[in-house]
file work-v6.tsv (TSV, C-alpha atoms)
chain	number	residue	atom	x	y	z
O	21	MET	CA	10.53	23.99	-3.57
O	22	THR	CA	7.83	24.09	-6.22
O	23	MET	CA	5.01	21.62	-6.31
O	24	ASP	CA	6.58	19.66	-9.19
O	25	LEU	CA	9.69	18.84	-7.15
O	26	PRO	CA	10.09	16.15	-4.48
O	27	GLN	CA	9.84	17.17	-0.84
O	28	LEU	CA	12.47	15.93	1.63
O	29	SER	CA	12.29	16.10	5.41
O	30	LEU	CA	14.08	14.59	8.38
O	31	LEU	CA	12.48	11.90	10.52
O	32	GLY	CA	14.43	12.21	13.73
O	33	THR	CA	18.21	12.18	13.26
O	34	THR	CA	18.72	8.93	11.35
O	35	ALA	CA	15.93	8.88	8.76
O	36	LEU	CA	14.82	10.95	5.79
O	37	LEU	CA	11.44	11.03	4.04
O	38	PHE	CA	11.39	11.53	0.27
O	39	GLU	CA	7.92	12.53	-0.97
O	40	ALA	CA	7.26	12.32	-4.70
O	41	PRO	CA	5.40	15.17	-6.41
O	42	GLY	CA	1.91	14.74	-7.80
O	43	GLU	CA	-0.84	12.24	-7.13
O	44	THR	CA	-0.26	8.60	-6.24
O	45	SER	CA	-0.16	6.46	-9.37
O	46	LEU	CA	1.36	3.22	-10.57
O	47	THR	CA	3.88	5.14	-12.69
O	48	THR	CA	5.04	7.11	-9.64
O	49	GLN	CA	5.23	3.96	-7.52
O	50	ARG	CA	7.35	2.20	-10.14
O	51	ARG	CA	9.81	5.09	-9.96
O	52	ILE	CA	9.81	4.93	-6.16
O	53	TRP	CA	10.65	1.20	-6.32
O	54	ALA	CA	13.58	2.03	-8.62
O	55	LEU	CA	14.72	4.90	-6.40
O	56	ALA	CA	14.66	2.55	-3.39
O	57	LEU	CA	17.14	0.24	-5.10
O	58	GLU	CA	19.47	3.11	-5.97
O	59	ALA	CA	19.17	4.83	-2.60
O	60	GLY	CA	19.95	1.58	-0.80
O	61	LEU	CA	23.40	1.64	-2.41
O	62	LEU	CA	24.33	5.13	-1.19
O	63	PRO	CA	27.03	5.36	1.52
O	64	GLY	CA	25.68	5.22	5.06
O	65	VAL	CA	22.18	4.10	4.05
O	66	ARG	CA	20.86	1.23	6.16
O	67	GLU	CA	17.49	0.73	4.46
O	68	ALA	CA	15.26	2.30	1.81
O	69	VAL	CA	11.56	1.50	2.34
O	70	PRO	CA	8.96	2.38	-0.33
O	71	GLY	CA	5.69	3.89	0.88
O	72	MET	CA	2.66	5.32	-0.85
O	73	ASN	CA	4.06	8.13	-2.99
O	74	ASN	CA	7.14	8.31	-0.75
O	75	LEU	CA	10.36	6.62	0.28
O	76	MET	CA	11.79	6.39	3.80
O	77	ILE	CA	15.57	6.17	4.01
O	78	THR	CA	17.26	5.20	7.27
O	79	PHE	CA	20.92	5.60	8.17
O	80	ALA	CA	23.35	3.82	10.46
O	81	GLU	CA	24.17	7.24	11.96
O	82	PRO	CA	23.02	10.82	11.33
O	83	PRO	CA	24.08	11.92	7.81
O	84	ARG	CA	26.81	14.58	7.86
O	85	HIS	CA	26.18	16.07	4.42
O	86	ARG	CA	22.41	16.26	4.19
O	87	GLY	CA	22.41	18.82	1.37
O	88	GLN	CA	24.56	16.65	-0.88
O	89	LEU	CA	22.44	13.62	-0.08
O	90	GLU	CA	19.17	15.39	-0.90
O	91	HIS	CA	20.63	16.71	-4.15
O	92	ARG	CA	21.71	13.19	-5.12
O	93	LEU	CA	18.26	11.76	-4.34
O	94	ILE	CA	16.52	14.40	-6.47
O	95	GLU	CA	19.03	13.74	-9.23
O	96	LEU	CA	18.30	10.01	-9.06
O	97	TRP	CA	14.55	10.66	-9.06
O	98	HIS	CA	14.83	12.41	-12.41
O	99	THR	CA	17.04	9.75	-13.99
O	100	VAL	CA	15.85	6.35	-12.72
O	101	GLU	CA	13.95	4.06	-15.04
O	102	PRO	CA	10.65	2.92	-13.49
O	103	LEU	CA	10.70	-0.72	-12.48
O	104	PRO	CA	8.09	-2.95	-14.13
O	105	ALA	CA	5.11	-4.17	-12.11
O	106	ALA	CA	5.90	-7.75	-13.03
O	107	GLY	CA	5.71	-9.70	-9.80
O	108	ARG	CA	3.58	-12.71	-8.91
O	109	CYS	CA	-0.21	-12.46	-8.99
O	110	LEU	CA	-2.30	-13.99	-6.20
O	111	ASP	CA	-5.89	-15.14	-6.71
O	112	LEU	CA	-7.45	-14.43	-3.32
O	113	PRO	CA	-10.65	-16.31	-2.36
O	114	VAL	CA	-13.08	-13.96	-0.60
O	115	VAL	CA	-16.39	-14.45	1.16
O	116	TYR	CA	-18.26	-11.15	0.92
O	117	GLY	CA	-20.80	-9.96	3.52
O	118	GLY	CA	-22.06	-11.88	6.56
O	119	ASP	CA	-20.19	-11.82	9.86
O	120	GLY	CA	-16.90	-11.43	7.96
O	121	GLY	CA	-18.16	-8.32	6.16
O	122	PRO	CA	-20.00	-6.37	8.86
O	123	HIS	CA	-19.79	-2.99	7.11
O	124	MET	CA	-21.15	-4.01	3.72
O	125	ALA	CA	-24.41	-2.22	4.54
O	126	ASP	CA	-22.50	1.02	5.18
O	127	VAL	CA	-20.85	0.81	1.75
O	128	VAL	CA	-24.25	0.13	0.19
O	129	ALA	CA	-25.72	3.16	1.98
O	130	HIS	CA	-22.87	5.45	0.92
O	131	THR	CA	-22.59	4.38	-2.71
O	132	GLY	CA	-26.25	3.63	-3.47
O	133	LEU	CA	-25.15	0.40	-5.12
O	134	SER	CA	-26.48	-3.08	-4.42
O	135	VAL	CA	-24.44	-5.75	-2.65
O	136	ASP	CA	-24.06	-7.64	-5.92
O	137	ASP	CA	-22.83	-4.49	-7.69
O	138	ILE	CA	-20.28	-3.78	-4.96
O	139	VAL	CA	-18.97	-7.34	-5.06
O	140	ALA	CA	-18.75	-7.30	-8.86
O	141	ILE	CA	-16.97	-3.94	-8.94
O	142	HIS	CA	-14.59	-4.79	-6.08
O	143	SER	CA	-13.59	-8.16	-7.56
O	144	ALA	CA	-13.17	-6.96	-11.16
O	145	PRO	CA	-9.72	-5.25	-11.18
O	146	THR	CA	-6.25	-6.68	-10.86
O	147	TYR	CA	-4.79	-4.72	-7.93
O	148	THR	CA	-1.10	-3.86	-7.83
O	149	VAL	CA	0.76	-3.90	-4.50
O	150	TYR	CA	2.13	-0.35	-4.27
O	151	ALA	CA	3.84	-0.72	-0.89
O	152	LEU	CA	3.87	-2.62	2.40
O	153	GLY	CA	3.10	-0.86	5.66
O	154	SER	CA	0.60	-0.08	8.43
O	155	HIS	CA	1.44	-3.45	10.02
O	156	PRO	CA	3.69	-6.35	8.93
O	157	GLY	CA	2.55	-7.90	5.66
O	158	TYR	CA	-0.18	-5.34	4.94
O	159	CYS	CA	-0.38	-4.40	1.24
O	160	TYR	CA	-1.32	-0.94	0.02
O	161	LEU	CA	-3.14	-1.64	-3.24
O	162	GLY	CA	-3.76	0.51	-6.29
O	163	GLY	CA	-6.56	0.11	-8.79
O	164	MET	CA	-9.86	0.24	-6.90
O	165	ASP	CA	-12.87	1.52	-8.84
O	166	GLN	CA	-13.90	4.87	-7.38
O	167	ARG	CA	-17.59	3.99	-7.63
O	168	ILE	CA	-17.20	2.01	-4.40
O	169	ALA	CA	-14.95	4.49	-2.58
O	170	THR	CA	-16.33	4.96	0.94
O	171	PRO	CA	-15.02	7.31	3.67
O	172	ARG	CA	-13.23	5.80	6.62
O	173	ARG	CA	-15.33	5.22	9.70
O	174	LYS	CA	-15.78	8.13	12.11
O	175	VAL	CA	-15.31	5.74	15.04
O	176	PRO	CA	-12.65	3.05	14.37
O	177	VAL	CA	-13.37	-0.57	15.16
O	178	LEU	CA	-11.21	-1.79	18.05
O	179	ARG	CA	-10.51	-5.15	16.45
O	180	ILE	CA	-10.95	-6.69	13.03
O	181	PRO	CA	-9.55	-10.15	12.34
O	182	ARG	CA	-6.69	-11.18	10.11
O	183	GLY	CA	-7.97	-11.63	6.57
O	184	ALA	CA	-10.54	-8.81	6.73
O	185	VAL	CA	-11.10	-7.28	3.28
O	186	SER	CA	-11.90	-3.60	3.71
O	187	ILE	CA	-12.43	-0.29	1.93
O	188	GLY	CA	-11.06	2.98	3.29
O	189	GLY	CA	-11.61	6.06	1.16
O	190	SER	CA	-10.32	5.35	-2.34
O	191	GLN	CA	-8.33	2.25	-1.31
O	192	THR	CA	-8.93	-1.37	-0.45
O	193	GLY	CA	-6.77	-3.84	1.45
O	194	VAL	CA	-6.56	-7.06	3.45
O	195	SER	CA	-5.62	-7.10	7.14
O	196	ALA	CA	-2.52	-9.19	7.76
O	197	SER	CA	-3.13	-9.47	11.52
O	198	ASP	CA	-5.81	-8.80	14.13
O	199	GLY	CA	-6.06	-5.17	15.18
O	200	PRO	CA	-7.99	-1.89	15.15
O	201	SER	CA	-9.18	-0.33	11.90
O	202	GLY	CA	-11.08	2.67	10.62
O	203	TRP	CA	-11.90	1.00	7.33
O	204	ASN	CA	-15.16	-0.61	6.19
O	205	THR	CA	-14.89	-4.41	6.22
O	206	ILE	CA	-16.89	-6.01	3.38
O	207	GLY	CA	-15.51	-9.56	3.34
O	208	SER	CA	-12.89	-11.98	4.55
O	209	THR	CA	-10.27	-14.45	3.35
O	210	GLU	CA	-8.44	-17.33	5.00
O	211	VAL	CA	-5.11	-16.52	3.31
O	212	ALA	CA	-2.35	-15.41	5.71
O	213	PHE	CA	-0.46	-12.35	4.51
O	214	PHE	CA	2.20	-12.57	7.22
O	215	ASP	CA	3.77	-15.61	8.84
O	216	VAL	CA	6.98	-15.47	10.88
O	217	GLU	CA	7.68	-19.10	9.96
O	218	ARG	CA	7.73	-18.24	6.24
O	219	THR	CA	10.66	-16.88	4.23
O	220	PRO	CA	10.07	-14.07	3.59
O	221	PRO	CA	7.38	-13.59	6.25
O	222	ALA	CA	5.31	-11.22	4.07
O	223	LEU	CA	3.29	-13.05	1.43
O	224	LEU	CA	3.55	-10.30	-1.19
O	225	GLN	CA	5.99	-7.56	-2.16
O	226	PRO	CA	5.66	-4.28	-4.09
O	227	GLY	CA	5.04	-5.05	-7.75
O	228	ASP	CA	3.00	-8.17	-7.00
O	229	CYS	CA	-0.73	-8.15	-7.62
O	230	ILE	CA	-4.01	-9.46	-6.19
O	231	ARG	CA	-7.20	-10.63	-7.86
O	232	PHE	CA	-10.18	-11.02	-5.51
O	233	LYS	CA	-12.13	-14.17	-6.34
O	234	THR	CA	-15.68	-14.37	-5.02
O	235	ILE	CA	-16.40	-17.62	-3.18
O	236	ARG	CA	-19.74	-16.67	-1.64
O	237	VAL	CA	-21.89	-13.62	-0.99
O	238	LEU	CA	-23.65	-13.74	2.39
O	239	ARG	CA	-26.61	-11.46	3.08

call {"tool": "encode", "arguments": {"input": "work-v6.tsv", "output": "structure tokens"}}
result
Amino acid sequence: MTMDLPQLSLLGTTALLFEAPGETSLTTQRRIWALALEAGLLPGVREAVPGMNNLMITFAEPPRHRGQLEHRLIELWHTVEPLPAAGRCLDLPVVYGGDGGPHMADVVAHTGLSVDDIVAIHSAPTYTVYALGSHPGYCYLGGMDQRIATPRRKVPVLRIPRGAVSIGGSQTGVSASDGPSGWNTIGSTEVAFFDVERTPPALLQPGDCIRFKTIRVLR
């Protein structure tokens, strides 16, 4: 396949990964959301799960006619209309720095920007939820200003708390549960992104958006 065509590969015997061509963008993600809806209707498909620039399709049993299926998916990719990013928008209160943002100094050191500049830049955009993954309720967000992009940590942190607001490379996100992370935590929020008692358990879905609202900046 050429670089301008999707790539398809098996994941075990009952799953298929569809990888979109080109760089990750909102336009591409909108097409992936649309493809997920169409793929979910194909015979034998159990679930179609959007990822970052890709789509994972699972089956009730191993597909018998893989070639036909892949051809149909590529055909759909070229014909689907991108879904609008028109979900709900969450204003997320964030405390930047302090004990809840232990790696702010590392972002300052890498970018050469002040704490106030980083907070202003990070809280300025409206971030679109591209996909859910990593752990339940975690949102992969698009739209971070590249001036504050900071490489992931060489040595991951064994545990960051739920609600940690972090930067990893060119992305930012909010931890939905306690766990390890290689990202740089610059703040925290009290909002729960995943709750098994809630319907649905995940607070946000692809197409929703987040606006970070600065409550305090601790130094």

call {"tool": "closest_residue", "arguments": {"input": "work-v6.tsv", "among": "O:Gly188, O:Gly107, O:Gly157, O:Gly227", "to": "Asp126 in chain O", "atoms": "all atoms listed in the file"}}
result
O:Gly188

call {"tool": "residues_around", "arguments": {"input": "work-v6.tsv", "residues": "Asp228 in chain O", "least_positions_apart": "6", "cutoff": "12 Å", "atoms": "all atoms listed in the file", "output": "ChimeraX atom specification"}}
result
/O:50,104-111,146-152,159-162,222

call {"tool": "closest_atom_pairs", "arguments": {"input": "work-v6.tsv", "of": "range 93-151 of chain O", "to": "range 195-210 of chain O", "cutoff": "10 Å", "atoms": "all atoms listed in the file", "output": "tab-separated table"}}
result
residue	atom	partner	partner_atom	distance
O:Leu112	CA	O:Thr209	CA	7.2
O:Pro113	CA	O:Thr209	CA	6.0
O:Val114	CA	O:Thr209	CA	4.9
O:Val115	CA	O:Gly207	CA	5.4
O:Tyr116	CA	O:Gly207	CA	4.0
O:Gly117	CA	O:Gly207	CA	5.3
O:Gly118	CA	O:Gly207	CA	7.7
O:Asp119	CA	O:Gly207	CA	8.3
O:Gly120	CA	O:Gly207	CA	5.2
O:Gly121	CA	O:Ile206	CA	3.8
O:Pro122	CA	O:Thr205	CA	6.1
O:His123	CA	O:Thr205	CA	5.2
O:Met124	CA	O:Ile206	CA	4.7
O:Ala125	CA	O:Ile206	CA	8.5
O:Asp126	CA	O:Asn204	CA	7.6
O:Val127	CA	O:Asn204	CA	7.4
O:Val135	CA	O:Ile206	CA	9.7
O:Ile138	CA	O:Ile206	CA	9.3
O:Val139	CA	O:Ile206	CA	8.8
O:His142	CA	O:Ile206	CA	9.8

call {"tool": "axis_aligned_box", "arguments": {"input": "work-v6.tsv", "around": "range 167-175 of chain O", "padding_each_side": "3 Å", "output": "AutoDock Vina command-line options"}}
result
--center_x -15.4 --center_y 5.1 --center_z 3.7 --size_x 10.4 --size_y 12.1 --size_z 28.7

call {"tool": "closest_residue", "arguments": {"input": "work-v6.tsv", "among": "O:His130, O:Gly42, O:Pro156, O:Val216", "to": "Gly189 in chain O", "atoms": "only C-alpha atoms"}}
result
O:His130

call {"tool": "residues_around", "arguments": {"input": "work-v6.tsv", "residues": "Leu93 in chain O", "least_positions_apart": "4", "cutoff": "9 Å", "atoms": "all atoms listed in the file", "output": "PDB file with C-alpha atoms, in the coordinates of the input"}}
result
ATOM      1  CA  PHE O  38      11.390  11.530   0.270  1.00  0.00           C
ATOM      2  CA  LEU O  55      14.720   4.900  -6.400  1.00  0.00           C
ATOM      3  CA  GLU O  58      19.470   3.110  -5.970  1.00  0.00           C
ATOM      4  CA  ALA O  59      19.170   4.830  -2.600  1.00  0.00           C
ATOM      5  CA  GLN O  88      24.560  16.650  -0.880  1.00  0.00           C
ATOM      6  CA  LEU O  89      22.440  13.620  -0.080  1.00  0.00           C
ATOM      7  CA  TRP O  97      14.550  10.660  -9.060  1.00  0.00           C
ATOM      8  CA  HIS O  98      14.830  12.410 -12.410  1.00  0.00           C
TER       9      HIS O  98
END

call {"tool": "closest_residue", "arguments": {"input": "work-v6.tsv", "among": "O:Leu178, O:Ile230, O:Met164, O:Ala40", "to": "Met72 in chain O", "atoms": "only C-alpha atoms"}}
result
O:Ala40

call {"tool": "atom_distance", "arguments": {"input": "work-v6.tsv", "atom1": "CA of Glu67 in chain O", "atom2": "CA of Gln225 in chain O"}}
result
15.6 Å

call {"tool": "closest_residue", "arguments": {"input": "work-v6.tsv", "among": "O:Ala68, O:Leu62, O:Val175, O:Met76", "to": "Glu39 in chain O", "atoms": "only C-alpha atoms"}}
result
O:Met76

call {"tool": "atom_distance", "arguments": {"input": "work-v6.tsv", "atom1": "CA of Val65 in chain O", "atom2": "CA of Leu37 in chain O"}}
result
12.8 Å

call {"tool": "closest_residue", "arguments": {"input": "work-v6.tsv", "among": "O:Ala169, O:Val185, O:Leu103, O:Val194", "to": "Thr47 in chain O", "atoms": "all atoms listed in the file"}}
result
O:Leu103

call {"tool": "atom_distance", "arguments": {"input": "work-v6.tsv", "atom1": "CA of Leu57 in chain O", "atom2": "CA of Ser154 in chain O"}}
result
21.4 Å

call {"tool": "closest_residue", "arguments": {"input": "work-v6.tsv", "among": "O:Ala56, O:Ala129, O:Leu28, O:Leu46", "to": "Thr170 in chain O", "atoms": "all atoms listed in the file"}}
result
O:Ala129

call {"tool": "residues_near_point", "arguments": {"input": "work-v6.tsv", "point": "(26.7, 12.2, 7.7)", "cutoff": "12 Å", "atoms": "only C-alpha atoms", "output": "list in words"}}
result
Thr33, Thr34, Ala35, Leu62, Pro63, Gly64, Val65, Thr78, Phe79, Ala80, Glu81, Pro82, Pro83, Arg84, His85, Arg86, Gly87, Gln88, Leu89 and Glu90 of chain O

call {"tool": "residues_near_point", "arguments": {"input": "work-v6.tsv", "point": "(4.5, 12.8, -8.4)", "cutoff": "10 Å", "atoms": "only C-alpha atoms", "output": "PyMOL selection string"}}
result
chain O and resi 23-26+39-45+47-49+51-52+73-74
